[in-house]
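Colleague: This one is input07.pdb, PDB, C-alpha atoms, pLDDT in the B column.
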```pdb
ATOM      1  CA  MET F   1       0.000   0.000   0.000  1.00 74.00           C
ATOM      2  CA  THR F   2       1.454   3.311  -1.065  1.00 88.00           C
ATOM      3  CA  PRO F   3       1.438   5.901   1.716  1.00 94.00           C
ATOM      4  CA  ASN F   4      -0.749   8.914   1.017  1.00 96.00           C
ATOM      5  CA  LEU F   5      -0.531  12.495   2.205  1.00 94.00           C
ATOM      6  CA  PHE F   6      -4.265  13.033   2.257  1.00 94.00           C
ATOM      7  CA  THR F   7      -5.208  10.076   4.407  1.00 90.00           C
ATOM      8  CA  ASP F   8      -5.043   9.563   8.161  1.00 82.00           C
ATOM      9  CA  LEU F   9      -6.320  13.075   8.705  1.00 90.00           C
ATOM     10  CA  PRO F  10      -7.861  13.616  12.117  1.00 86.00           C
ATOM     11  CA  ALA F  11     -11.461  14.748  12.444  1.00 84.00           C
ATOM     12  CA  VAL F  12     -10.501  17.070  15.277  1.00 86.00           C
ATOM     13  CA  LEU F  13      -7.218  18.887  15.377  1.00 90.00           C
ATOM     14  CA  PRO F  14      -6.556  20.682  18.658  1.00 90.00           C
ATOM     15  CA  GLU F  15      -2.890  21.158  17.735  1.00 92.00           C
ATOM     16  CA  GLU F  16      -1.160  21.375  14.389  1.00 93.00           C
ATOM     17  CA  LEU F  17      -0.118  17.944  13.181  1.00 95.00           C
ATOM     18  CA  PHE F  18       3.501  17.398  12.083  1.00 95.00           C
ATOM     19  CA  THR F  19       4.425  14.137  10.352  1.00 95.00           C
ATOM     20  CA  THR F  20       7.898  13.372   9.049  1.00 97.00           C
ATOM     21  CA  LEU F  21       7.594  11.582   5.698  1.00 97.00           C
ATOM     22  CA  LEU F  22      11.290  11.309   4.881  1.00 97.00           C
ATOM     23  CA  GLN F  23      14.417  11.814   6.959  1.00 96.00           C
ATOM     24  CA  ALA F  24      17.823  11.658   5.307  1.00 95.00           C
ATOM     25  CA  PRO F  25      21.131  13.473   5.730  1.00 92.00           C
ATOM     26  CA  GLY F  26      20.559  17.119   4.852  1.00 91.00           C
ATOM     27  CA  VAL F  27      16.865  16.768   4.015  1.00 96.00           C
ATOM     28  CA  ARG F  28      13.649  16.188   5.901  1.00 97.00           C
ATOM     29  CA  ILE F  29      10.221  16.131   4.267  1.00 98.00           C
ATOM     30  CA  GLU F  30       7.287  16.845   6.530  1.00 97.00           C
ATOM     31  CA  ARG F  31       3.527  17.084   6.215  1.00 97.00           C
ATOM     32  CA  ILE F  32       1.933  19.778   8.328  1.00 97.00           C
ATOM     33  CA  VAL F  33      -1.822  19.954   8.862  1.00 97.00           C
ATOM     34  CA  SER F  34      -3.366  23.135  10.220  1.00 96.00           C
ATOM     35  CA  HIS F  35      -6.975  24.061  10.941  1.00 95.00           C
ATOM     36  CA  GLY F  36      -7.272  27.672  11.924  1.00 94.00           C
ATOM     37  CA  HIS F  37      -3.948  27.488  13.724  1.00 94.00           C
ATOM     38  CA  LYS F  38      -1.467  30.343  13.630  1.00 93.00           C
ATOM     39  CA  SER F  39       1.732  31.228  15.360  1.00 92.00           C
ATOM     40  CA  PRO F  40       1.288  32.828  18.787  1.00 90.00           C
ATOM     41  CA  ASP F  41       1.179  36.616  18.677  1.00 90.00           C
ATOM     42  CA  GLY F  42       4.683  38.014  18.556  1.00 90.00           C
ATOM     43  CA  PHE F  43       6.252  34.590  17.971  1.00 90.00           C
ATOM     44  CA  TRP F  44       8.658  34.231  15.054  1.00 93.00           C
ATOM     45  CA  TYR F  45      10.243  31.036  13.830  1.00 89.00           C
ATOM     46  CA  ASP F  46      14.005  31.283  13.321  1.00 90.00           C
ATOM     47  CA  GLN F  47      15.226  27.967  11.932  1.00 90.00           C
ATOM     48  CA  ASP F  48      18.710  26.578  11.417  1.00 91.00           C
ATOM     49  CA  GLN F  49      17.765  24.941   8.136  1.00 94.00           C
ATOM     50  CA  ALA F  50      16.268  26.407   5.002  1.00 96.00           C
ATOM     51  CA  GLU F  51      12.676  25.376   4.289  1.00 97.00           C
ATOM     52  CA  TRP F  52      10.819  25.029   1.013  1.00 98.00           C
ATOM     53  CA  VAL F  53       7.101  25.004   1.718  1.00 98.00           C
ATOM     54  CA  LEU F  54       4.150  24.149  -0.523  1.00 98.00           C
ATOM     55  CA  VAL F  55       0.449  24.477   0.246  1.00 98.00           C
ATOM     56  CA  LEU F  56      -1.434  21.420  -1.028  1.00 97.00           C
ATOM     57  CA  GLU F  57      -4.907  22.244   0.281  1.00 97.00           C
ATOM     58  CA  GLY F  58      -6.461  25.097   2.217  1.00 97.00           C
ATOM     59  CA  ALA F  59      -5.259  28.653   2.639  1.00 98.00           C
ATOM     60  CA  ALA F  60      -2.700  30.424   4.791  1.00 97.00           C
ATOM     61  CA  THR F  61      -0.896  33.698   5.307  1.00 97.00           C
ATOM     62  CA  ILE F  62       2.808  33.697   6.106  1.00 97.00           C
ATOM     63  CA  GLU F  63       4.531  36.770   7.486  1.00 96.00           C
ATOM     64  CA  LEU F  64       8.181  37.308   6.740  1.00 95.00           C
ATOM     65  CA  GLU F  65      10.131  40.212   8.117  1.00 90.00           C
ATOM     66  CA  ASP F  66       9.743  42.237   4.945  1.00 92.00           C
ATOM     67  CA  LYS F  67       6.541  40.930   3.385  1.00 94.00           C
ATOM     68  CA  THR F  68       3.313  39.024   3.812  1.00 96.00           C
ATOM     69  CA  VAL F  69       2.552  36.076   1.555  1.00 97.00           C
ATOM     70  CA  GLU F  70      -0.935  34.681   0.988  1.00 97.00           C
ATOM     71  CA  MET F  71      -0.845  31.058  -0.058  1.00 98.00           C
ATOM     72  CA  GLY F  72      -3.347  28.651  -1.576  1.00 97.00           C
ATOM     73  CA  PRO F  73      -3.131  25.248  -3.259  1.00 97.00           C
ATOM     74  CA  GLY F  74      -0.025  24.928  -5.407  1.00 97.00           C
ATOM     75  CA  ASP F  75       1.706  28.007  -4.021  1.00 98.00           C
ATOM     76  CA  TYR F  76       5.247  27.431  -2.842  1.00 98.00           C
ATOM     77  CA  LEU F  77       7.838  29.510  -1.053  1.00 97.00           C
ATOM     78  CA  ASP F  78      11.525  29.090  -0.307  1.00 97.00           C
ATOM     79  CA  ILE F  79      12.580  30.402   3.082  1.00 95.00           C
ATOM     80  CA  PRO F  80      16.340  30.666   3.718  1.00 94.00           C
ATOM     81  CA  ALA F  81      17.758  29.576   7.072  1.00 94.00           C
ATOM     82  CA  HIS F  82      17.404  32.193   9.795  1.00 93.00           C
ATOM     83  CA  THR F  83      14.745  34.127   7.934  1.00 94.00           C
ATOM     84  CA  LYS F  84      12.250  35.048  10.598  1.00 94.00           C
ATOM     85  CA  ARG F  85       8.689  34.107   9.770  1.00 94.00           C
ATOM     86  CA  ARG F  86       5.370  33.272  11.356  1.00 95.00           C
ATOM     87  CA  VAL F  87       2.086  31.784  10.257  1.00 95.00           C
ATOM     88  CA  ALA F  88      -0.293  34.720  10.588  1.00 96.00           C
ATOM     89  CA  TRP F  89      -3.433  32.821   9.578  1.00 97.00           C
ATOM     90  CA  THR F  90      -4.782  29.523   8.328  1.00 97.00           C
ATOM     91  CA  THR F  91      -8.363  29.030   7.255  1.00 97.00           C
ATOM     92  CA  SER F  92     -10.904  27.541   9.640  1.00 95.00           C
ATOM     93  CA  ASP F  93     -13.110  26.450   6.736  1.00 95.00           C
ATOM     94  CA  GLU F  94     -11.051  23.378   5.921  1.00 95.00           C
ATOM     95  CA  LEU F  95      -7.759  21.735   6.734  1.00 96.00           C
ATOM     96  CA  THR F  96      -4.629  23.340   5.352  1.00 97.00           C
ATOM     97  CA  ILE F  97      -2.150  20.700   4.259  1.00 97.00           C
ATOM     98  CA  TRP F  98       1.469  21.770   3.773  1.00 97.00           C
ATOM     99  CA  LEU F  99       4.462  19.961   2.448  1.00 98.00           C
ATOM    100  CA  ALA F 100       7.709  21.261   3.949  1.00 98.00           C
ATOM    101  CA  VAL F 101      11.152  20.294   2.711  1.00 98.00           C
ATOM    102  CA  HIS F 102      13.795  21.231   5.288  1.00 97.00           C
ATOM    103  CA  TYR F 103      17.204  21.201   3.689  1.00 97.00           C
ATOM    104  CA  GLY F 104      20.816  22.243   3.983  1.00 92.00           C
ATOM    105  CA  GLU F 105      23.316  22.160   6.779  1.00 80.00           C
ATOM    106  CA  LYS F 106      22.062  23.291  10.140  1.00 73.00           C
ATOM    107  CA  ASN F 107      23.918  26.499  10.877  1.00 56.00           C
TER     108      ASN F 107
ATOM    109  CA  MET Z   1       3.232  36.985  -6.758  1.00 73.00           C
ATOM    110  CA  THR Z   2       3.791  33.576  -5.224  1.00 87.00           C
ATOM    111  CA  PRO Z   3       4.850  30.931  -7.737  1.00 94.00           C
ATOM    112  CA  ASN Z   4       2.326  28.146  -8.183  1.00 96.00           C
ATOM    113  CA  LEU Z   5       2.766  24.530  -9.201  1.00 94.00           C
ATOM    114  CA  PHE Z   6      -0.557  24.298 -10.969  1.00 94.00           C
ATOM    115  CA  THR Z   7      -0.154  27.285 -13.270  1.00 90.00           C
ATOM    116  CA  ASP Z   8       1.760  27.691 -16.511  1.00 82.00           C
ATOM    117  CA  LEU Z   9       0.568  24.297 -17.652  1.00 90.00           C
ATOM    118  CA  PRO Z  10       0.714  23.809 -21.389  1.00 86.00           C
ATOM    119  CA  ALA Z  11      -2.440  22.968 -23.337  1.00 84.00           C
ATOM    120  CA  VAL Z  12      -0.495  20.523 -25.482  1.00 86.00           C
ATOM    121  CA  LEU Z  13       2.330  18.444 -24.097  1.00 90.00           C
ATOM    122  CA  PRO Z  14       4.269  16.547 -26.759  1.00 90.00           C
ATOM    123  CA  GLU Z  15       7.057  15.789 -24.281  1.00 92.00           C
ATOM    124  CA  GLU Z  16       7.043  15.481 -20.524  1.00 93.00           C
ATOM    125  CA  LEU Z  17       7.700  18.829 -18.877  1.00 95.00           C
ATOM    126  CA  PHE Z  18      10.437  19.103 -16.242  1.00 95.00           C
ATOM    127  CA  THR Z  19      10.745  22.298 -14.212  1.00 95.00           C
ATOM    128  CA  THR Z  20      13.296  22.795 -11.438  1.00 97.00           C
ATOM    129  CA  LEU Z  21      11.643  24.667  -8.573  1.00 97.00           C
ATOM    130  CA  LEU Z  22      14.558  24.644  -6.148  1.00 97.00           C
ATOM    131  CA  GLN Z  23      18.230  23.832  -6.577  1.00 96.00           C
ATOM    132  CA  ALA Z  24      20.492  23.747  -3.549  1.00 95.00           C
ATOM    133  CA  PRO Z  25      23.485  21.654  -2.447  1.00 92.00           C
ATOM    134  CA  GLY Z  26      22.264  18.089  -1.999  1.00 91.00           C
ATOM    135  CA  VAL Z  27      18.643  18.764  -2.931  1.00 96.00           C
ATOM    136  CA  ARG Z  28      16.701  19.581  -6.085  1.00 97.00           C
ATOM    137  CA  ILE Z  29      12.931  19.949  -6.195  1.00 98.00           C
ATOM    138  CA  GLU Z  30      11.305  19.437  -9.559  1.00 97.00           C
ATOM    139  CA  ARG Z  31       7.814  19.524 -11.003  1.00 97.00           C
ATOM    140  CA  ILE Z  32       7.134  16.937 -13.668  1.00 97.00           C
ATOM    141  CA  VAL Z  33       4.034  17.065 -15.862  1.00 97.00           C
ATOM    142  CA  SER Z  34       3.025  13.991 -17.844  1.00 96.00           C
ATOM    143  CA  HIS Z  35       0.086  13.360 -20.152  1.00 95.00           C
ATOM    144  CA  GLY Z  36      -0.036   9.775 -21.244  1.00 94.00           C
ATOM    145  CA  HIS Z  37       3.759   9.652 -21.319  1.00 94.00           C
ATOM    146  CA  LYS Z  38       5.654   6.615 -20.179  1.00 93.00           C
ATOM    147  CA  SER Z  39       9.225   5.404 -20.258  1.00 92.00           C
ATOM    148  CA  PRO Z  40      10.263   3.766 -23.518  1.00 90.00           C
ATOM    149  CA  ASP Z  41       9.787  -0.008 -23.550  1.00 90.00           C
ATOM    150  CA  GLY Z  42      12.710  -1.681 -21.864  1.00 90.00           C
ATOM    151  CA  PHE Z  43      14.125   1.609 -20.585  1.00 90.00           C
ATOM    152  CA  TRP Z  44      14.970   1.831 -16.882  1.00 93.00           C
ATOM    153  CA  TYR Z  45      16.071   4.907 -14.978  1.00 89.00           C
ATOM    154  CA  ASP Z  46      19.149   4.362 -12.803  1.00 90.00           C
ATOM    155  CA  GLN Z  47      19.879   7.585 -10.959  1.00 90.00           C
ATOM    156  CA  ASP Z  48      22.829   8.701  -8.869  1.00 91.00           C
ATOM    157  CA  GLN Z  49      20.623  10.464  -6.354  1.00 94.00           C
ATOM    158  CA  ALA Z  50      17.746   9.201  -4.287  1.00 96.00           C
ATOM    159  CA  GLU Z  51      14.327  10.534  -5.271  1.00 96.00           C
ATOM    160  CA  TRP Z  52      11.217  11.105  -3.207  1.00 98.00           C
ATOM    161  CA  VAL Z  53       8.256  11.422  -5.535  1.00 98.00           C
ATOM    162  CA  LEU Z  54       4.687  12.577  -4.869  1.00 98.00           C
ATOM    163  CA  VAL Z  55       1.727  12.543  -7.245  1.00 98.00           C
ATOM    164  CA  LEU Z  56      -0.270  15.769  -6.912  1.00 97.00           C
ATOM    165  CA  GLU Z  57      -2.806  15.210  -9.678  1.00 97.00           C
ATOM    166  CA  GLY Z  58      -3.527  12.457 -12.171  1.00 97.00           C
ATOM    167  CA  ALA Z  59      -2.579   8.810 -12.068  1.00 98.00           C
ATOM    168  CA  ALA Z  60       0.523   6.783 -12.851  1.00 97.00           C
ATOM    169  CA  THR Z  61       2.082   3.365 -12.550  1.00 97.00           C
ATOM    170  CA  ILE Z  62       5.734   3.038 -11.568  1.00 97.00           C
ATOM    171  CA  GLU Z  63       7.622  -0.196 -12.056  1.00 96.00           C
ATOM    172  CA  LEU Z  64      10.472  -1.023  -9.745  1.00 95.00           C
ATOM    173  CA  GLU Z  65      12.579  -4.115 -10.145  1.00 90.00           C
ATOM    174  CA  ASP Z  66      10.623  -6.010  -7.538  1.00 92.00           C
ATOM    175  CA  LYS Z  67       7.183  -4.422  -7.596  1.00 94.00           C
ATOM    176  CA  THR Z  68       4.677  -2.268  -9.421  1.00 96.00           C
ATOM    177  CA  VAL Z  69       3.218   0.778  -7.700  1.00 97.00           C
ATOM    178  CA  GLU Z  70      -0.001   2.475  -8.755  1.00 97.00           C
ATOM    179  CA  MET Z  71      -0.093   6.095  -7.701  1.00 98.00           C
ATOM    180  CA  GLY Z  72      -2.804   8.740  -7.443  1.00 97.00           C
ATOM    181  CA  PRO Z  73      -3.096  12.151  -5.811  1.00 97.00           C
ATOM    182  CA  GLY Z  74      -1.307  12.253  -2.462  1.00 97.00           C
ATOM    183  CA  ASP Z  75       0.595   9.012  -2.969  1.00 98.00           C
ATOM    184  CA  TYR Z  76       4.318   9.253  -2.385  1.00 98.00           C
ATOM    185  CA  LEU Z  77       7.262   6.918  -2.826  1.00 97.00           C
ATOM    186  CA  ASP Z  78      10.904   7.020  -1.786  1.00 96.00           C
ATOM    187  CA  ILE Z  79      13.274   5.545  -4.353  1.00 95.00           C
ATOM    188  CA  PRO Z  80      16.866   4.959  -3.195  1.00 94.00           C
ATOM    189  CA  ALA Z  81      19.753   5.861  -5.509  1.00 94.00           C
ATOM    190  CA  HIS Z  82      20.452   3.243  -8.153  1.00 93.00           C
ATOM    191  CA  THR Z  83      17.094   1.568  -7.749  1.00 94.00           C
ATOM    192  CA  LYS Z  84      16.023   0.813 -11.267  1.00 94.00           C
ATOM    193  CA  ARG Z  85      12.563   2.057 -12.180  1.00 94.00           C
ATOM    194  CA  ARG Z  86      10.436   3.142 -15.062  1.00 95.00           C
ATOM    195  CA  VAL Z  87       7.157   4.923 -15.551  1.00 95.00           C
ATOM    196  CA  ALA Z  88       4.960   2.203 -16.995  1.00 96.00           C
ATOM    197  CA  TRP Z  89       1.875   4.369 -17.490  1.00 97.00           C
ATOM    198  CA  THR Z  90       0.374   7.789 -16.919  1.00 97.00           C
ATOM    199  CA  THR Z  91      -3.248   8.595 -17.597  1.00 97.00           C
ATOM    200  CA  SER Z  92      -4.290  10.251 -20.848  1.00 95.00           C
ATOM    201  CA  ASP Z  93      -7.474  11.580 -19.253  1.00 95.00           C
ATOM    202  CA  GLU Z  94      -5.757  14.478 -17.510  1.00 95.00           C
ATOM    203  CA  LEU Z  95      -2.329  15.834 -16.707  1.00 96.00           C
ATOM    204  CA  THR Z  96      -0.333  13.994 -14.085  1.00 97.00           C
ATOM    205  CA  ILE Z  97       1.588  16.439 -11.929  1.00 97.00           C
ATOM    206  CA  TRP Z  98       4.472  15.068  -9.872  1.00 97.00           C
ATOM    207  CA  LEU Z  99       6.671  16.644  -7.282  1.00 98.00           C
ATOM    208  CA  ALA Z 100      10.120  15.062  -7.156  1.00 98.00           C
ATOM    209  CA  VAL Z 101      12.694  15.753  -4.452  1.00 98.00           C
ATOM    210  CA  HIS Z 102      16.128  14.534  -5.571  1.00 97.00           C
ATOM    211  CA  TYR Z 103      18.416  14.318  -2.584  1.00 96.00           C
ATOM    212  CA  GLY Z 104      21.671  12.996  -1.203  1.00 92.00           C
ATOM    213  CA  GLU Z 105      25.165  12.814  -2.560  1.00 80.00           C
ATOM    214  CA  LYS Z 106      25.496  11.694  -6.123  1.00 72.00           C
ATOM    215  CA  ASN Z 107      27.215   8.342  -5.992  1.00 56.00           C
TER     216      ASN Z 107
END
```
Could I get this file's structure written as structure tokens?

Modeller:
Amino acid sequence: MTPNLFTDLPAVLPEELFTTLLQAPGVRIERIVSHGHKSPDGFWYDQDQAEWVLVLEGAATIELEDKTVEMGPGDYLDIPAHTKRRVAWTTSDELTIWLAVHYGEKN
Amino acid sequence: MTPNLFTDLPAVLPEELFTTLLQAPGVRIERIVSHGHKSPDGFWYDQDQAEWVLVLEGAATIELEDKTVEMGPGDYLDIPAHTKRRVAWTTSDELTIWLAVHYGEKN
């Protein structure tokens, strides 16, 4: 049975769901499922690895230090390491399913 | 404007379409669009890098040396380096859109 990104989705999602799909040296592929979740006010991610992120379903708004990016299905964004960002909004109307590819040396 | 995987799709696709979305040391993310394309009879890919592949839309059949994998939207597959495989079939009913993450040292 081939694993599928769109299955095993919870009916209720009190917290964002993070599932590692692939882990290898220098790369980690992760599914993230959100449902109205957003980063806490004033909280900014600052990650040691770069992250390429793709929205598969749903809708979200990402804030970077210098811009705000609205994302829907098929939209993708490359975020260099140590670029501060936060998830300002995800829709409550449906699940937002992300694919994140974390890559590069941790520095 | 955020780049989008599902836009800029050709109306006619005589050859498979390969578009590199991200290129970084040790990782390359690529969109592949197929429309009834398959690997030539008897042809097997044998790649120096590992490849994690996800079907976003459409339907396809991948042959590995020891098994055949039917894939639809959301299905993903990790193919180690130097694992022989071929695309046995993609649907002619619609475009098949793949996301491929090539990763690891070339060896």

Colleague: Any chance you could resolve the ChimeraX specification (/Z :<8) & /F against this file and give the residues as a PyMOL selection string?

Modeller: chain F and resi 2-6+22+24-27+69-71+73-78+103-104

Colleague: Do you know which residues the PyMOL selection byres ((chain Z and resi 88-100) around 7) returns on this file, as a count of residues only?

Modeller: 28

Colleague: Please indicate the distance in Å from CA of Asp46 (chain Z) to CA of Phe18 (chain Z), rounded to one decimal place.

Modeller: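 Going from CA of Asp46 (chain Z) over to CA of Phe18 (chain Z) covers 17.5 Å.
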
Colleague: Would you work out the distance separating CA of Lys67 (chain F) from CA of Ile79 (chain F), expressed in Å to one decimal?

Modeller: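 So the two atoms, CA of Lys67 (chain F) and CA of Ile79 (chain F), lie 12.1 Å apart.
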
Colleague: Would you pick out the contacts of Ala81 (chain Z) at 7 Å or less, using all atoms listed in the file, so that residues sharing its chain but fewer than 5 positions from it are not included, and give the list as a list in words?

Modeller: Gln47, Asp48, Gln49 and Ala50 of chain Z
